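Peer 1: Handing you a structure now.
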Amino acid sequence: LVELGYWLKEDASAGDASFRHALIAFQKVEGRPRTGKLTQEELTALRAAKSPKPSESGYVHIEVDLCRQVLFLVEAGDKPLRVLPVSTGSGKCFTEGGRTRQAITPTGRFKVQWKLKGWRKSPLGLLYYPNYFYGGVAIHGNPSVPAEPASHGCVRIPMFAAEEFSHLTPVGTAVLVYSSSS
């Protein structure tokens, strides 16, 4: 998984949460069932797989593919790509502050506008190392990153990667959010 670009903790084993998240990211990219379980069939698919490609390259940026529910951290030069599973806007209606709206992650080209260290309590829940890119919408760590869209619009990433992700993406980092056709 690491050789293909999927993000794991350095000391991860098959029972580690980061291993499960990396395997789910692989399954999402490859269009496989999102089980997070390593079977002989998954091992065969891993051995035959090629590194996933972001839609753009050559500069440091973040890509969020809403269709596949993955995030690419693209680095300049020959540094490796990192891929994480995400959970984005569920599309369901929710009410907050007396206002009802649909839970949608905005698409387009953005930049990391501001960020916070550690935990932030928002009216919609807890965010760990939030990186805001569109008003109150952020890429942030969350203990719950299901294999499908489930957020109010933010881009949830696994907890193990949130702090390092924040350090690797300074204010001004480009963020592309799109729906791939695959």
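Identifiers for the structure tokens are assigned positionally: chains receive A, B, ... in sequence, residues are indexed from 1 per chain, and ligands are indexed from 1 in the order shown.
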Let's see if you can do this: from backbone DSSP, list all helix (DSSP H, G or I) residues in range 41-102 of chain A, as a list of chain:residue names.
Peer 2: A:Glu41, A:Glu42, A:Leu43, A:Thr44, A:Ala45, A:Leu46, A:Arg47, A:Ala48
Peer 1: Show which residues sit within 6 Å of range 61-73 of chain A, as a CSV table (one decimal) with C-alpha atoms, in the first residue's frame. Count only C-alpha atoms, and ignore same-chain residues fewer than 3 positions away.
Peer 2:
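Below is the file that was written, part.csv:
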```
chain,number,residue,atom,x,y,z
A,28,LYS,CA,-12.3,3.2,-3.3
A,81,LEU,CA,1.8,11.1,-3.7
A,82,ARG,CA,-0.3,10.3,-0.5
A,83,VAL,CA,-3.8,9.0,-0.7
A,84,LEU,CA,-6.4,9.0,2.1
A,85,PRO,CA,-10.0,7.9,2.3
A,86,VAL,CA,-12.4,10.7,3.1
A,173,THR,CA,-2.1,25.4,-0.6
A,174,ALA,CA,-4.4,24.8,-3.6
A,175,VAL,CA,-7.4,22.6,-3.0
A,176,LEU,CA,-9.3,21.1,-5.9
A,177,VAL,CA,-12.7,19.4,-5.1
A,178,TYR,CA,-14.4,17.5,-8.0
A,179,SER,CA,-16.4,14.5,-8.9
A,180,SER,CA,-14.5,12.0,-11.1
```
Peer 1: Report the residues of range 28-113 of chain A whose backbone DSSP state falls under strand (DSSP E or B), written as a list in words.
Peer 2: His61, Ile62, Glu63, Val64, Asp65, Val70, Leu71, Phe72, Leu73, Val74, Arg82, Val83, Leu84, Pro85, Ser87, Gly89, Cys93, Phe94, Thr95, Glu96, Arg99, Thr100, Arg101, Gln102, Gly108, Arg109, Phe110 and Lys111 of chain A
Peer 1: Which residue is closest to Glu56 in chain A? Choose from A:Val171, A:Ala162, A:Val2, A:Ala76 and count only C-alpha atoms.
Peer 2: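 Going through A:Val171, A:Ala162, A:Val2, A:Ala76 one by one, the smallest distance to Glu56 in chain A is for A:Ala76.
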Peer 1: Near Glu163 in chain A, counting only C-alpha atoms, which residues have an atom at most 9 Å away, once you skip same-chain residues fewer than 2 positions from it, shown as a list in words?
Peer 2: Lys117, Gly118, Tyr128, Tyr129, His140, Gly141, Met159, Phe160, Ala161, Phe165, Ser166, His167 and Leu168 of chain A
Peer 1: Any chance you can output those residues with C-alpha atoms as a short mmCIF file (atom, residue, chain, number, x, y, z; two decimals), in the first residue's frame?
Peer 2:
```cif
data_model
loop_
_atom_site.label_atom_id
_atom_site.label_comp_id
_atom_site.auth_asym_id
_atom_site.auth_seq_id
_atom_site.Cartn_x
_atom_site.Cartn_y
_atom_site.Cartn_z
CA LYS A 117 -3.98 23.28 15.78
CA GLY A 118 -5.61 20.56 17.83
CA TYR A 128 -9.18 17.91 14.66
CA TYR A 129 -6.53 20.10 13.00
CA HIS A 140 -10.07 17.84 9.27
CA GLY A 141 -9.45 14.76 11.33
CA MET A 159 -7.26 10.94 12.85
CA PHE A 160 -3.80 9.39 12.44
CA ALA A 161 -3.04 11.64 9.44
CA PHE A 165 -1.54 16.65 6.92
CA SER A 166 -1.94 20.08 8.51
CA HIS A 167 1.85 20.52 8.70
CA LEU A 168 2.24 19.51 5.03
#
```
Peer 1: Need to verify the contact set: Lys92 in chain A, 9 Å, only C-alpha atoms, exclusion of same-chain residues closer than 2 positions in sequence. Can you return it as a VMD selection string?
Peer 2: chain A and resid 89 to 90 94 101 to 104 150 152
Peer 1: Emit the selected residues as a PDB file, in the first residue's frame, including N, CA and C atoms.
Peer 2:
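Done, and the output landed in part-v6.pdb:
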```pdb
ATOM      1  N   GLY A  89     -19.678  15.604   2.275  1.00  0.00           N
ATOM      2  CA  GLY A  89     -21.077  15.942   2.494  1.00  0.00           C
ATOM      3  C   GLY A  89     -22.044  14.841   2.102  1.00  0.00           C
ATOM      4  N   SER A  90     -22.963  14.529   3.025  1.00  0.00           N
ATOM      5  CA  SER A  90     -23.908  13.420   2.837  1.00  0.00           C
ATOM      6  C   SER A  90     -25.020  13.728   1.838  1.00  0.00           C
ATOM      7  N   PHE A  94     -29.959  19.253   6.978  1.00  0.00           N
ATOM      8  CA  PHE A  94     -29.734  19.392   8.410  1.00  0.00           C
ATOM      9  C   PHE A  94     -30.068  20.819   8.807  1.00  0.00           C
ATOM     10  N   ARG A 101     -30.323  23.444   5.648  1.00  0.00           N
ATOM     11  CA  ARG A 101     -29.600  23.401   4.370  1.00  0.00           C
ATOM     12  C   ARG A 101     -29.156  21.972   4.083  1.00  0.00           C
ATOM     13  N   GLN A 102     -28.640  21.776   2.893  1.00  0.00           N
ATOM     14  CA  GLN A 102     -28.202  20.457   2.460  1.00  0.00           C
ATOM     15  C   GLN A 102     -26.713  20.292   2.732  1.00  0.00           C
ATOM     16  N   ALA A 103     -26.321  19.113   3.188  1.00  0.00           N
ATOM     17  CA  ALA A 103     -24.929  18.807   3.519  1.00  0.00           C
ATOM     18  C   ALA A 103     -24.150  18.497   2.239  1.00  0.00           C
ATOM     19  N   ILE A 104     -23.568  19.535   1.653  1.00  0.00           N
ATOM     20  CA  ILE A 104     -22.842  19.389   0.389  1.00  0.00           C
ATOM     21  C   ILE A 104     -21.436  19.937   0.548  1.00  0.00           C
ATOM     22  N   ALA A 150     -20.804  11.270   4.670  1.00  0.00           N
ATOM     23  CA  ALA A 150     -21.579  11.317   5.909  1.00  0.00           C
ATOM     24  C   ALA A 150     -21.422  12.633   6.673  1.00  0.00           C
ATOM     25  N   HIS A 152     -21.365  17.028   7.223  1.00  0.00           N
ATOM     26  CA  HIS A 152     -22.241  18.172   6.943  1.00  0.00           C
ATOM     27  C   HIS A 152     -21.703  18.998   5.776  1.00  0.00           C
TER      28      HIS A 152
END
```
Peer 1: Using Å and a single decimal, report how far CA of Glu30 in chain A sits from CA of Trp7 in chain A.
Peer 2: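 Result for CA of Trp7 in chain A versus CA of Glu30 in chain A: 15.6 Å, one decimal.
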Peer 1: Excluding range 57-59 of chain A and residues on its chain fewer than 6 positions from it, collect all residues at most 8 Å away from it, counting only C-alpha atoms, and give them as a list in words.
Peer 2: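 After dropping sequence-adjacent residues, the list is Val74, Glu75, Ala76 and Gly77 of chain A.
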Peer 1: Can you work out which one of A:Thr88, A:Thr100, A:Thr95, A:Thr169 has the shortest atom-to-atom distance to Ser144 in chain A, counting only C-alpha atoms?
Peer 2: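 Of the candidates, the smallest distance to Ser144 in chain A is held by A:Thr88.
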Peer 1: Using only C-alpha atoms, what does the table of range 126-157 of chain A residues within 12 Å of range 14-26 of chain A look like, with each row giving the shortest atom pair and its distance in Å to one decimal, sorted by chain and ascending number, as a Markdown table?
Peer 2:
```
| residue | atom | partner | partner_atom | distance |
| --- | --- | --- | --- | --- |
| A:Pro143 | CA | A:Ala17 | CA | 10.6 |
| A:Ser144 | CA | A:His21 | CA | 11.1 |
| A:Val145 | CA | A:His21 | CA | 8.6 |
| A:Pro146 | CA | A:His21 | CA | 9.5 |
| A:Ala147 | CA | A:Ile24 | CA | 7.2 |
| A:Glu148 | CA | A:Ile24 | CA | 10.6 |
| A:Ile157 | CA | A:His21 | CA | 9.4 |
```
Peer 1: May I have the residues from that selection written out with N, CA and C atoms, as a CSV table (one decimal), in the first residue's frame?
Peer 2:
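Result went into selection.csv, see below:
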```csv
chain,number,residue,atom,x,y,z
A,143,PRO,N,-12.8,11.1,14.3
A,143,PRO,CA,-12.8,9.7,14.6
A,143,PRO,C,-13.7,8.8,13.7
A,144,SER,N,-14.7,9.4,13.0
A,144,SER,CA,-15.6,8.7,12.2
A,144,SER,C,-15.3,9.1,10.7
A,145,VAL,N,-14.7,8.2,9.9
A,145,VAL,CA,-14.5,8.4,8.5
A,145,VAL,C,-15.1,7.2,7.8
A,146,PRO,N,-16.4,7.1,7.7
A,146,PRO,CA,-17.1,6.0,7.0
A,146,PRO,C,-16.7,5.9,5.5
A,147,ALA,N,-17.0,4.8,4.9
A,147,ALA,CA,-16.6,4.6,3.5
A,147,ALA,C,-17.5,5.4,2.5
A,148,GLU,N,-18.5,6.0,3.1
A,148,GLU,CA,-19.4,6.8,2.2
A,148,GLU,C,-19.6,8.2,2.7
A,157,ILE,N,-11.0,13.3,7.4
A,157,ILE,CA,-9.8,12.4,7.1
A,157,ILE,C,-9.6,11.7,8.4
```
Peer 1: Residues at most 6 Å from Lys115 in chain A, counting only C-alpha atoms, excluding those fewer than 2 positions away in the same chain, as a short mmCIF file (atom, residue, chain, number, x, y, z; two decimals) with N, CA, C and O atoms, in the first residue's frame?
Peer 2:
```cif
data_model
loop_
_atom_site.label_atom_id
_atom_site.label_comp_id
_atom_site.auth_asym_id
_atom_site.auth_seq_id
_atom_site.Cartn_x
_atom_site.Cartn_y
_atom_site.Cartn_z
N PRO A 130 -8.29 21.38 11.86
CA PRO A 130 -9.04 21.81 10.67
C PRO A 130 -8.23 22.73 9.76
O PRO A 130 -7.51 23.60 10.23
N ASN A 131 -8.37 22.50 8.46
CA ASN A 131 -7.77 23.31 7.40
C ASN A 131 -8.92 23.86 6.58
O ASN A 131 -9.48 23.16 5.74
N TYR A 132 -9.31 25.11 6.85
CA TYR A 132 -10.48 25.71 6.22
C TYR A 132 -10.16 26.16 4.80
O TYR A 132 -9.17 26.85 4.57
#
```
Peer 1: Work out how far CA of Leu4 in chain A is from CA of Lys50 in chain A, in Å to one decimal.
Peer 2: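 Value for the CA of Lys50 in chain A-CA of Leu4 in chain A distance: 6.5 Å.
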